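Raw my_file_3.cif, mmCIF, C-alpha atoms:
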data_work
loop_
_atom_site.label_atom_id
_atom_site.label_comp_id
_atom_site.auth_asym_id
_atom_site.auth_seq_id
_atom_site.Cartn_x
_atom_site.Cartn_y
_atom_site.Cartn_z
CA MET A 1 0.00 0.00 0.00
CA LYS A 2 1.32 3.43 -0.97
CA LEU A 3 1.26 5.83 1.96
CA SER A 4 1.84 9.56 1.99
CA ARG A 5 5.26 10.52 3.31
CA ARG A 6 3.60 11.81 6.48
CA LEU A 7 1.90 8.48 7.21
CA GLN A 8 5.03 6.57 6.20
CA LEU A 9 7.08 8.47 8.80
CA ILE A 10 4.40 7.85 11.42
CA MET A 11 4.47 4.13 10.61
CA GLU A 12 8.24 4.06 10.95
CA GLN A 13 7.88 5.07 14.61
CA ILE A 14 5.85 1.91 15.39
CA PRO A 15 7.96 -0.85 17.00
CA PRO A 16 7.65 -4.37 15.48
CA GLY A 17 5.14 -6.62 17.21
CA SER A 18 2.94 -3.76 18.38
CA ARG A 19 -0.76 -3.78 19.15
CA LEU A 20 -1.96 -0.53 17.63
CA ALA A 21 -4.88 1.82 18.06
CA ASP A 22 -5.16 4.43 15.30
CA ILE A 23 -7.56 7.10 16.51
CA GLY A 24 -9.29 9.12 13.81
CA SER A 25 -8.20 6.47 11.33
CA ASP A 26 -10.19 7.80 8.36
CA HIS A 27 -9.59 5.20 5.60
CA ALA A 28 -7.55 2.94 7.94
CA LEU A 29 -4.54 3.40 5.65
CA LEU A 30 -2.06 3.40 8.50
CA PRO A 31 -3.24 0.25 10.33
CA VAL A 32 -3.60 -1.67 7.07
CA ALA A 33 -0.09 -0.71 5.94
CA ALA A 34 1.40 -1.42 9.39
CA VAL A 35 -0.19 -4.89 9.50
CA GLN A 36 0.91 -5.64 5.95
CA ALA A 37 4.46 -4.55 6.82
CA GLY A 38 4.53 -6.95 9.76
CA LEU A 39 4.97 -4.18 12.33
CA VAL A 40 1.58 -4.65 13.94
CA VAL A 41 0.03 -7.93 15.04
CA LYS A 42 -3.38 -6.49 15.91
CA ALA A 43 -4.92 -3.08 15.31
CA VAL A 44 -7.98 -1.02 16.14
CA ALA A 45 -9.08 1.66 13.69
CA GLY A 46 -11.23 4.14 15.59
CA GLU A 47 -13.58 6.68 14.05
CA VAL A 48 -16.16 9.02 15.55
CA ASN A 49 -18.20 9.51 12.34
CA GLN A 50 -20.07 6.96 10.22
CA GLY A 51 -18.70 8.10 6.84
CA PRO A 52 -15.00 7.62 7.67
CA LEU A 53 -15.89 4.47 9.62
CA GLN A 54 -17.44 2.92 6.51
CA ALA A 55 -14.43 3.98 4.42
CA ALA A 56 -12.12 2.34 6.95
CA ALA A 57 -14.18 -0.86 7.03
CA LYS A 58 -14.09 -1.02 3.23
CA GLN A 59 -10.32 -0.54 3.15
CA VAL A 60 -9.77 -3.29 5.73
CA ALA A 61 -12.09 -5.68 3.88
CA GLU A 62 -10.43 -5.03 0.51
CA ALA A 63 -7.03 -5.68 2.07
CA GLY A 64 -8.29 -8.96 3.54
CA ARG A 65 -7.27 -7.90 7.03
CA GLY A 66 -10.56 -8.24 8.87
CA ASP A 67 -9.05 -10.76 11.29
CA ASP A 68 -6.22 -8.43 12.24
CA ILE A 69 -7.89 -5.01 12.26
CA SER A 70 -11.04 -4.13 14.18
CA VAL A 71 -12.88 -1.05 12.88
CA ARG A 72 -14.85 0.63 15.66
CA LEU A 73 -17.16 3.61 16.07
CA GLY A 74 -16.49 5.76 19.11
CA ASP A 75 -15.12 8.98 20.50
CA GLY A 76 -11.36 9.03 21.03
CA LEU A 77 -9.94 6.27 23.22
CA ALA A 78 -13.45 4.99 24.02
CA VAL A 79 -12.91 2.50 21.16
CA ILE A 80 -10.29 0.54 23.14
CA SER A 81 -10.18 -1.30 26.47
CA PRO A 82 -7.45 -0.84 29.09
CA GLY A 83 -4.47 -3.06 28.20
CA GLU A 84 -5.75 -3.83 24.69
CA VAL A 85 -3.03 -1.90 22.83
CA ASP A 86 0.53 -0.76 23.51
CA VAL A 87 0.89 1.89 20.78
CA ILE A 88 -1.52 4.71 19.98
CA THR A 89 -1.35 6.93 16.90
CA ILE A 90 -3.41 10.11 16.55
CA ALA A 91 -2.79 12.17 13.43
CA GLY A 92 -4.30 15.04 11.49
CA MET A 93 -6.00 16.94 14.32
CA GLY A 94 -5.19 20.05 16.32
CA GLY A 95 -2.88 19.67 19.29
CA SER A 96 -5.61 20.84 21.66
CA LEU A 97 -8.01 18.14 20.42
CA ILE A 98 -5.34 15.42 20.63
CA ALA A 99 -4.54 16.51 24.21
CA SER A 100 -8.26 16.40 25.05
CA ILE A 101 -8.58 12.87 23.62
CA LEU A 102 -5.61 11.70 25.70
CA ASN A 103 -6.90 13.47 28.79
CA GLU A 104 -10.35 11.92 28.58
CA GLY A 105 -8.89 8.46 27.93
CA GLN A 106 -6.20 8.39 30.63
CA ASP A 107 -7.59 5.15 32.04
CA LYS A 108 -6.63 3.49 28.72
CA LEU A 109 -2.99 4.60 28.85
CA SER A 110 -1.60 2.63 31.80
CA GLU A 111 -0.14 -0.16 29.60
CA VAL A 112 0.55 1.94 26.51
CA LYS A 113 4.27 2.07 25.73
CA ARG A 114 4.30 4.64 22.94
CA LEU A 115 2.26 7.60 21.68
CA ILE A 116 2.84 8.76 18.10
CA LEU A 117 1.11 12.08 17.57
CA GLN A 118 0.88 14.33 14.52
CA PRO A 119 -0.87 17.59 15.38
CA ASN A 120 -1.71 19.95 12.52
CA VAL A 121 -1.37 22.95 14.86
CA GLY A 122 -0.78 23.52 18.56
CA GLU A 123 2.28 21.32 18.99
CA ASP A 124 3.25 23.28 22.11
CA LEU A 125 -0.08 22.45 23.77
CA LEU A 126 0.61 18.78 23.19
CA ARG A 127 4.16 19.02 24.55
CA ARG A 128 2.76 20.63 27.71
CA TRP A 129 0.21 17.82 28.09
CA LEU A 130 2.95 15.22 27.76
CA ILE A 131 5.08 16.96 30.41
CA ASP A 132 2.12 17.31 32.79
CA HIS A 133 1.25 13.62 32.47
CA ALA A 134 4.76 12.12 32.72
CA TRP A 135 5.31 11.29 29.06
CA VAL A 136 8.63 12.23 27.50
CA LEU A 137 9.47 12.88 23.86
CA VAL A 138 12.00 10.50 22.34
CA SER A 139 11.68 11.85 18.80
CA GLU A 140 10.41 14.86 16.86
CA LEU A 141 10.22 14.92 13.07
CA ILE A 142 9.19 17.75 10.79
CA ILE A 143 8.31 17.44 7.10
CA GLU A 144 6.69 19.42 4.33
CA GLU A 145 4.20 17.66 2.09
CA ASP A 146 1.81 19.18 -0.45
CA GLY A 147 2.64 22.68 0.78
CA LYS A 148 1.90 21.92 4.44
CA ILE A 149 4.32 21.43 7.32
CA TYR A 150 3.76 18.61 9.80
CA GLU A 151 5.44 17.64 13.07
CA ILE A 152 5.44 14.06 14.33
CA LEU A 153 5.93 13.69 18.09
CA THR A 154 6.80 10.29 19.59
CA ALA A 155 6.58 9.88 23.36
CA VAL A 156 7.02 7.13 25.94
CA PRO A 157 6.20 6.99 29.66
CA GLU A 158 8.87 9.01 31.46
CA ASN A 159 9.76 6.11 33.75
CA SER A 160 10.71 3.99 30.72
CA SER A 161 12.47 6.65 28.63
CA PRO A 162 15.68 5.33 27.03
CA VAL A 163 17.00 8.88 26.62
CA ARG A 164 16.27 11.94 28.76
CA SER A 165 13.80 12.85 31.45
CA ASN A 166 11.50 15.82 30.90
CA GLU A 167 13.60 17.78 33.38
CA GLU A 168 16.70 17.20 31.23
CA LEU A 169 14.91 17.66 27.92
CA TYR A 170 13.45 21.06 28.83
CA LEU A 171 16.31 22.29 31.00
CA GLU A 172 16.85 25.99 30.37
CA ARG A 173 20.16 26.52 28.67
CA THR A 174 22.37 29.09 27.05
CA TRP A 175 23.21 28.13 23.51
CA GLN A 176 26.44 29.36 21.94
CA THR A 177 26.71 28.97 18.21
CA GLY A 178 28.45 30.36 15.15
CA GLU A 179 32.07 31.45 14.71
CA ALA A 180 31.33 34.78 16.35
CA GLY A 181 30.20 32.99 19.50
CA ASP A 182 26.62 34.23 19.28
CA VAL A 183 24.65 33.34 22.38
CA VAL A 184 20.92 32.72 22.64
CA SER A 185 18.97 31.70 25.74
CA LEU A 186 16.62 28.76 25.37
CA SER A 187 14.00 28.96 28.10
CA LYS A 188 11.70 26.07 28.95
CA ASP A 189 8.81 27.93 27.31
CA LEU A 190 10.81 28.42 24.10
CA LEU A 191 11.85 24.74 24.03
CA ILE A 192 8.20 23.74 24.44
CA ARG A 193 7.13 26.17 21.75
CA MET A 194 9.71 25.19 19.12
CA GLY A 195 10.51 21.59 20.06
CA PRO A 196 13.60 20.41 22.01
CA TRP A 197 14.68 17.72 19.54
CA LEU A 198 13.88 19.84 16.48
CA LEU A 199 16.08 22.63 17.85
CA GLU A 200 18.99 20.21 18.23
CA GLN A 201 18.82 19.10 14.60
CA PRO A 202 17.18 21.97 12.73
CA SER A 203 16.23 21.39 9.11
CA GLU A 204 15.35 23.76 6.29
CA VAL A 205 11.69 22.85 6.86
CA PHE A 206 12.00 23.82 10.53
CA ILE A 207 13.52 27.18 9.59
CA ALA A 208 10.78 27.73 6.98
CA LYS A 209 8.07 26.93 9.52
CA TRP A 210 9.29 29.50 12.01
CA GLU A 211 9.85 32.16 9.37
CA GLY A 212 6.21 31.60 8.44
CA GLU A 213 5.17 31.81 12.11
CA LEU A 214 7.01 35.13 12.43
CA ALA A 215 5.14 36.47 9.41
CA LYS A 216 1.83 35.50 11.06
CA MET A 217 2.90 37.14 14.31
CA GLU A 218 3.80 40.32 12.42
CA GLY A 219 0.23 40.44 11.14
CA ILE A 220 -1.16 39.94 14.64
CA LEU A 221 1.18 42.62 16.01
CA LYS A 222 0.02 45.10 13.39
CA SER A 223 -3.60 44.46 14.34
CA VAL A 224 -2.89 44.69 18.08
CA SER A 225 -0.86 47.89 17.70
CA SER A 226 -3.80 49.63 16.04
CA SER A 227 -6.20 48.60 18.80
CA GLN A 228 -7.43 51.12 21.39
CA LEU A 229 -8.03 48.44 24.05
CA ALA A 230 -6.19 48.85 27.34
CA SER A 231 -4.72 45.36 27.04
CA ALA A 232 -3.30 45.99 23.56
CA GLU A 233 -0.05 47.58 24.70
CA ALA A 234 0.82 44.67 26.98
CA LYS A 235 -0.05 42.19 24.23
CA ALA A 236 2.16 44.08 21.77
CA ARG A 237 5.10 43.97 24.22
CA GLU A 238 4.57 40.24 24.73
CA LEU A 239 4.49 39.58 20.98
CA ASN A 240 7.57 41.70 20.36
CA GLU A 241 9.54 39.82 23.01
CA GLU A 242 8.46 36.43 21.67
CA MET A 243 9.34 37.41 18.10
CA LYS A 244 12.74 38.73 19.27
CA GLN A 245 13.53 35.37 20.90
CA ILE A 246 12.49 33.37 17.83
CA ARG A 247 14.51 35.64 15.51
CA GLU A 248 17.60 35.18 17.69
CA VAL A 249 17.22 31.40 17.55
CA LEU A 250 16.76 31.37 13.78
CA ALA A 251 19.73 33.70 13.26
CA CYS A 252 21.99 31.40 15.28
CA LEU A 253 20.73 28.28 13.51
CA GLN A 254 21.31 29.79 10.09
CA LYS A 255 24.85 30.87 11.02
CA ASP A 256 25.58 27.29 12.10
CA LYS A 257 24.37 25.94 8.75
CA ARG A 258 26.70 28.17 6.74
#

Represent the structure contained in this file as structure tokens.
Amino acid sequence: MKLSRRLQLIMEQIPPGSRLADIGSDHALLPVAAVQAGLVVKAVAGEVNQGPLQAAAKQVAEAGRGDDISVRLGDGLAVISPGEVDVITIAGMGGSLIASILNEGQDKLSEVKRLILQPNVGEDLLRRWLIDHAWVLVSELIIEEDGKIYEILTAVPENSSPVRSNEELYLERTWQTGEAGDVVSLSKDLLIRMGPWLLEQPSEVFIAKWEGELAKMEGILKSVSSSQLASAEAKARELNEEMKQIREVLACLQKDKR
């Protein structure tokens, strides 16, 4: 089965022998491909709406994988039982919605070993949820596909992390880079906003994303600056400071790449 690059990268984060729940599975492309590739022994494709559910059921039937993949109607993690799966993928939603799904289904997470999450927006909200609930990122990927930029966040329970704890991952640090010894401070908030692993190995796509974010913030700043509301001045100061920090980070990264 031919997957998009985004789904292919998500699938590559699934350990062999996994029991998978793909929440918001749409056409069940990911679980079908993961079963066919031998990565997944059993899968649940969850959908909250009848249309996508029927599309998923059709895909599973056409692939002849009805014995391996259960297609279920339900909201979020309500489609699985505690202990039924050890890997959960949730892709193509906002970070706030993904965090809400995880929050409401916490009783289903006790035996889950890996979360693979692809928020369309609001990655920082998801990172904060993971920190607050003792999950730690072991990987962050960023790609551009069909003119859109996606981040793929892979997390494990903090007590089983093979790499760093959240305290280590988000430790505030001073970052010296470039031949001129340029220094930029990376606060915990900035690491959460931009991504701790992505900052360590910045790509052209990462740079492009944050240049685009700065352009959006410029538009917001222009609107705020013209407002007569009492809170506008404080908001403008906050935006200016945030933009200054991001520009400093991007400037250092780009000097390193030269």

Output as CSV one row per residue of segment 31-143 of chain A within 10 Å of segment 13-20 of chain A: the closest atom pair and its distance in Å to one decimal place, counting only C-alpha atoms, sorted by chain and residue number ascending.
residue,atom,partner,partner_atom,distance
A:Pro31,CA,A:Leu20,CA,7.5
A:Ala34,CA,A:Ile14,CA,8.2
A:Val35,CA,A:Leu20,CA,9.4
A:Ala37,CA,A:Pro16,CA,9.2
A:Gly38,CA,A:Pro16,CA,7.0
A:Leu39,CA,A:Pro16,CA,4.1
A:Val40,CA,A:Ser18,CA,4.7
A:Val41,CA,A:Gly17,CA,5.7
A:Lys42,CA,A:Arg19,CA,5.0
A:Ala43,CA,A:Leu20,CA,4.5
A:Val44,CA,A:Leu20,CA,6.2
A:Ala45,CA,A:Leu20,CA,8.4
A:Asp68,CA,A:Arg19,CA,10.0
A:Ile69,CA,A:Leu20,CA,9.2
A:Gly83,CA,A:Arg19,CA,9.8
A:Glu84,CA,A:Arg19,CA,7.5
A:Val85,CA,A:Arg19,CA,4.7
A:Asp86,CA,A:Arg19,CA,5.5
A:Val87,CA,A:Leu20,CA,4.9
A:Ile88,CA,A:Leu20,CA,5.8
A:Thr89,CA,A:Leu20,CA,7.5
A:Val112,CA,A:Arg19,CA,9.4
A:Lys113,CA,A:Ser18,CA,9.5
A:Arg114,CA,A:Ile14,CA,8.2
A:Leu115,CA,A:Ile14,CA,9.2
A:Ile116,CA,A:Gln13,CA,7.2
A:Ser139,CA,A:Gln13,CA,8.8

In Å, how far is it from atom CA of Gly212 of chain A to atom CA of Gln254 of chain A?
->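 Spanning atom CA of Gly212 of chain A to atom CA of Gln254 of chain A is a straight-line distance of 15.3 Å.
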
Can you pull out every residue within 9 Å of Gln54 of chain A, counting only C-alpha atoms, but drop anything in the same chain fewer than 3 positions away, and send it as a PyMOL selection string?
-> chain A and resi 26-27+49-51+57-59+71

Written as an mmCIF file with C-alpha atoms, in the coordinates of the input, which residues does the PyMOL selection byres ((chain A and resi 119-123) around 12) give for the file shown?
data_model
loop_
_atom_site.group_PDB
_atom_site.id
_atom_site.type_symbol
_atom_site.label_atom_id
_atom_site.label_comp_id
_atom_site.auth_asym_id
_atom_site.auth_seq_id
_atom_site.Cartn_x
_atom_site.Cartn_y
_atom_site.Cartn_z
ATOM 1 C CA ARG A 6 3.600 11.810 6.480
ATOM 2 C CA ILE A 10 4.400 7.850 11.420
ATOM 3 C CA THR A 89 -1.350 6.930 16.900
ATOM 4 C CA ILE A 90 -3.410 10.110 16.550
ATOM 5 C CA ALA A 91 -2.790 12.170 13.430
ATOM 6 C CA GLY A 92 -4.300 15.040 11.490
ATOM 7 C CA MET A 93 -6.000 16.940 14.320
ATOM 8 C CA GLY A 94 -5.190 20.050 16.320
ATOM 9 C CA GLY A 95 -2.880 19.670 19.290
ATOM 10 C CA SER A 96 -5.610 20.840 21.660
ATOM 11 C CA LEU A 97 -8.010 18.140 20.420
ATOM 12 C CA ILE A 98 -5.340 15.420 20.630
ATOM 13 C CA ALA A 99 -4.540 16.510 24.210
ATOM 14 C CA ILE A 116 2.840 8.760 18.100
ATOM 15 C CA LEU A 117 1.110 12.080 17.570
ATOM 16 C CA GLN A 118 0.880 14.330 14.520
ATOM 17 C CA ASP A 124 3.250 23.280 22.110
ATOM 18 C CA LEU A 125 -0.080 22.450 23.770
ATOM 19 C CA LEU A 126 0.610 18.780 23.190
ATOM 20 C CA ARG A 127 4.160 19.020 24.550
ATOM 21 C CA ARG A 128 2.760 20.630 27.710
ATOM 22 C CA TRP A 129 0.210 17.820 28.090
ATOM 23 C CA LEU A 130 2.950 15.220 27.760
ATOM 24 C CA GLU A 140 10.410 14.860 16.860
ATOM 25 C CA LEU A 141 10.220 14.920 13.070
ATOM 26 C CA ILE A 142 9.190 17.750 10.790
ATOM 27 C CA ILE A 143 8.310 17.440 7.100
ATOM 28 C CA GLU A 144 6.690 19.420 4.330
ATOM 29 C CA LYS A 148 1.900 21.920 4.440
ATOM 30 C CA ILE A 149 4.320 21.430 7.320
ATOM 31 C CA TYR A 150 3.760 18.610 9.800
ATOM 32 C CA GLU A 151 5.440 17.640 13.070
ATOM 33 C CA ILE A 152 5.440 14.060 14.330
ATOM 34 C CA LEU A 153 5.930 13.690 18.090
ATOM 35 C CA THR A 154 6.800 10.290 19.590
ATOM 36 C CA LEU A 191 11.850 24.740 24.030
ATOM 37 C CA ILE A 192 8.200 23.740 24.440
ATOM 38 C CA ARG A 193 7.130 26.170 21.750
ATOM 39 C CA MET A 194 9.710 25.190 19.120
ATOM 40 C CA GLY A 195 10.510 21.590 20.060
ATOM 41 C CA PRO A 196 13.600 20.410 22.010
ATOM 42 C CA LEU A 198 13.880 19.840 16.480
ATOM 43 C CA LYS A 209 8.070 26.930 9.520
ATOM 44 C CA GLU A 213 5.170 31.810 12.110
#

For Met243 of chain A, work out the shell of residues within 7 Å, counting all atoms listed in the file and skipping chain neighbours fewer than 4 positions away, then give it as a list in words.
-> Leu214, Leu239 and Arg247 of chain A

Provide the atom CA of Glu172 of chain A to atom CA of Leu137 of chain A distance in Å, to one decimal place.
-> 16.4 Å

Residue IDs satisfying the PyMOL selection byres ((chain A and resi 216-225) around 12), as an mmCIF file with C-alpha atoms, in the coordinates of the input:
data_model
loop_
_atom_site.group_PDB
_atom_site.id
_atom_site.type_symbol
_atom_site.label_atom_id
_atom_site.label_comp_id
_atom_site.auth_asym_id
_atom_site.auth_seq_id
_atom_site.Cartn_x
_atom_site.Cartn_y
_atom_site.Cartn_z
ATOM 1 C CA LYS A 209 8.070 26.930 9.520
ATOM 2 C CA TRP A 210 9.290 29.500 12.010
ATOM 3 C CA GLU A 211 9.850 32.160 9.370
ATOM 4 C CA GLY A 212 6.210 31.600 8.440
ATOM 5 C CA GLU A 213 5.170 31.810 12.110
ATOM 6 C CA LEU A 214 7.010 35.130 12.430
ATOM 7 C CA ALA A 215 5.140 36.470 9.410
ATOM 8 C CA SER A 226 -3.800 49.630 16.040
ATOM 9 C CA SER A 227 -6.200 48.600 18.800
ATOM 10 C CA GLN A 228 -7.430 51.120 21.390
ATOM 11 C CA LEU A 229 -8.030 48.440 24.050
ATOM 12 C CA ALA A 230 -6.190 48.850 27.340
ATOM 13 C CA SER A 231 -4.720 45.360 27.040
ATOM 14 C CA ALA A 232 -3.300 45.990 23.560
ATOM 15 C CA GLU A 233 -0.050 47.580 24.700
ATOM 16 C CA ALA A 234 0.820 44.670 26.980
ATOM 17 C CA LYS A 235 -0.050 42.190 24.230
ATOM 18 C CA ALA A 236 2.160 44.080 21.770
ATOM 19 C CA ARG A 237 5.100 43.970 24.220
ATOM 20 C CA GLU A 238 4.570 40.240 24.730
ATOM 21 C CA LEU A 239 4.490 39.580 20.980
ATOM 22 C CA ASN A 240 7.570 41.700 20.360
ATOM 23 C CA GLU A 241 9.540 39.820 23.010
ATOM 24 C CA GLU A 242 8.460 36.430 21.670
ATOM 25 C CA MET A 243 9.340 37.410 18.100
ATOM 26 C CA LYS A 244 12.740 38.730 19.270
ATOM 27 C CA ILE A 246 12.490 33.370 17.830
ATOM 28 C CA ARG A 247 14.510 35.640 15.510
#

Hey, what comes out of the PyMOL selection byres ((chain A and resi 249-251) around 10) on this file? Could you write it as a PDB file with C-alpha atoms, keeping the file's coordinate frame?
ATOM      1  CA  TRP A 175      23.210  28.130  23.510  1.00  0.00           C
ATOM      2  CA  THR A 177      26.710  28.970  18.210  1.00  0.00           C
ATOM      3  CA  GLY A 178      28.450  30.360  15.150  1.00  0.00           C
ATOM      4  CA  ASP A 182      26.620  34.230  19.280  1.00  0.00           C
ATOM      5  CA  VAL A 183      24.650  33.340  22.380  1.00  0.00           C
ATOM      6  CA  VAL A 184      20.920  32.720  22.640  1.00  0.00           C
ATOM      7  CA  SER A 185      18.970  31.700  25.740  1.00  0.00           C
ATOM      8  CA  LEU A 186      16.620  28.760  25.370  1.00  0.00           C
ATOM      9  CA  LEU A 190      10.810  28.420  24.100  1.00  0.00           C
ATOM     10  CA  MET A 194       9.710  25.190  19.120  1.00  0.00           C
ATOM     11  CA  LEU A 199      16.080  22.630  17.850  1.00  0.00           C
ATOM     12  CA  PRO A 202      17.180  21.970  12.730  1.00  0.00           C
ATOM     13  CA  PHE A 206      12.000  23.820  10.530  1.00  0.00           C
ATOM     14  CA  ILE A 207      13.520  27.180   9.590  1.00  0.00           C
ATOM     15  CA  ALA A 208      10.780  27.730   6.980  1.00  0.00           C
ATOM     16  CA  TRP A 210       9.290  29.500  12.010  1.00  0.00           C
ATOM     17  CA  GLU A 211       9.850  32.160   9.370  1.00  0.00           C
ATOM     18  CA  MET A 243       9.340  37.410  18.100  1.00  0.00           C
ATOM     19  CA  LYS A 244      12.740  38.730  19.270  1.00  0.00           C
ATOM     20  CA  GLN A 245      13.530  35.370  20.900  1.00  0.00           C
ATOM     21  CA  ILE A 246      12.490  33.370  17.830  1.00  0.00           C
ATOM     22  CA  ARG A 247      14.510  35.640  15.510  1.00  0.00           C
ATOM     23  CA  GLU A 248      17.600  35.180  17.690  1.00  0.00           C
ATOM     24  CA  CYS A 252      21.990  31.400  15.280  1.00  0.00           C
ATOM     25  CA  LEU A 253      20.730  28.280  13.510  1.00  0.00           C
ATOM     26  CA  GLN A 254      21.310  29.790  10.090  1.00  0.00           C
ATOM     27  CA  LYS A 255      24.850  30.870  11.020  1.00  0.00           C
ATOM     28  CA  ASP A 256      25.580  27.290  12.100  1.00  0.00           C
TER      29      ASP A 256
END
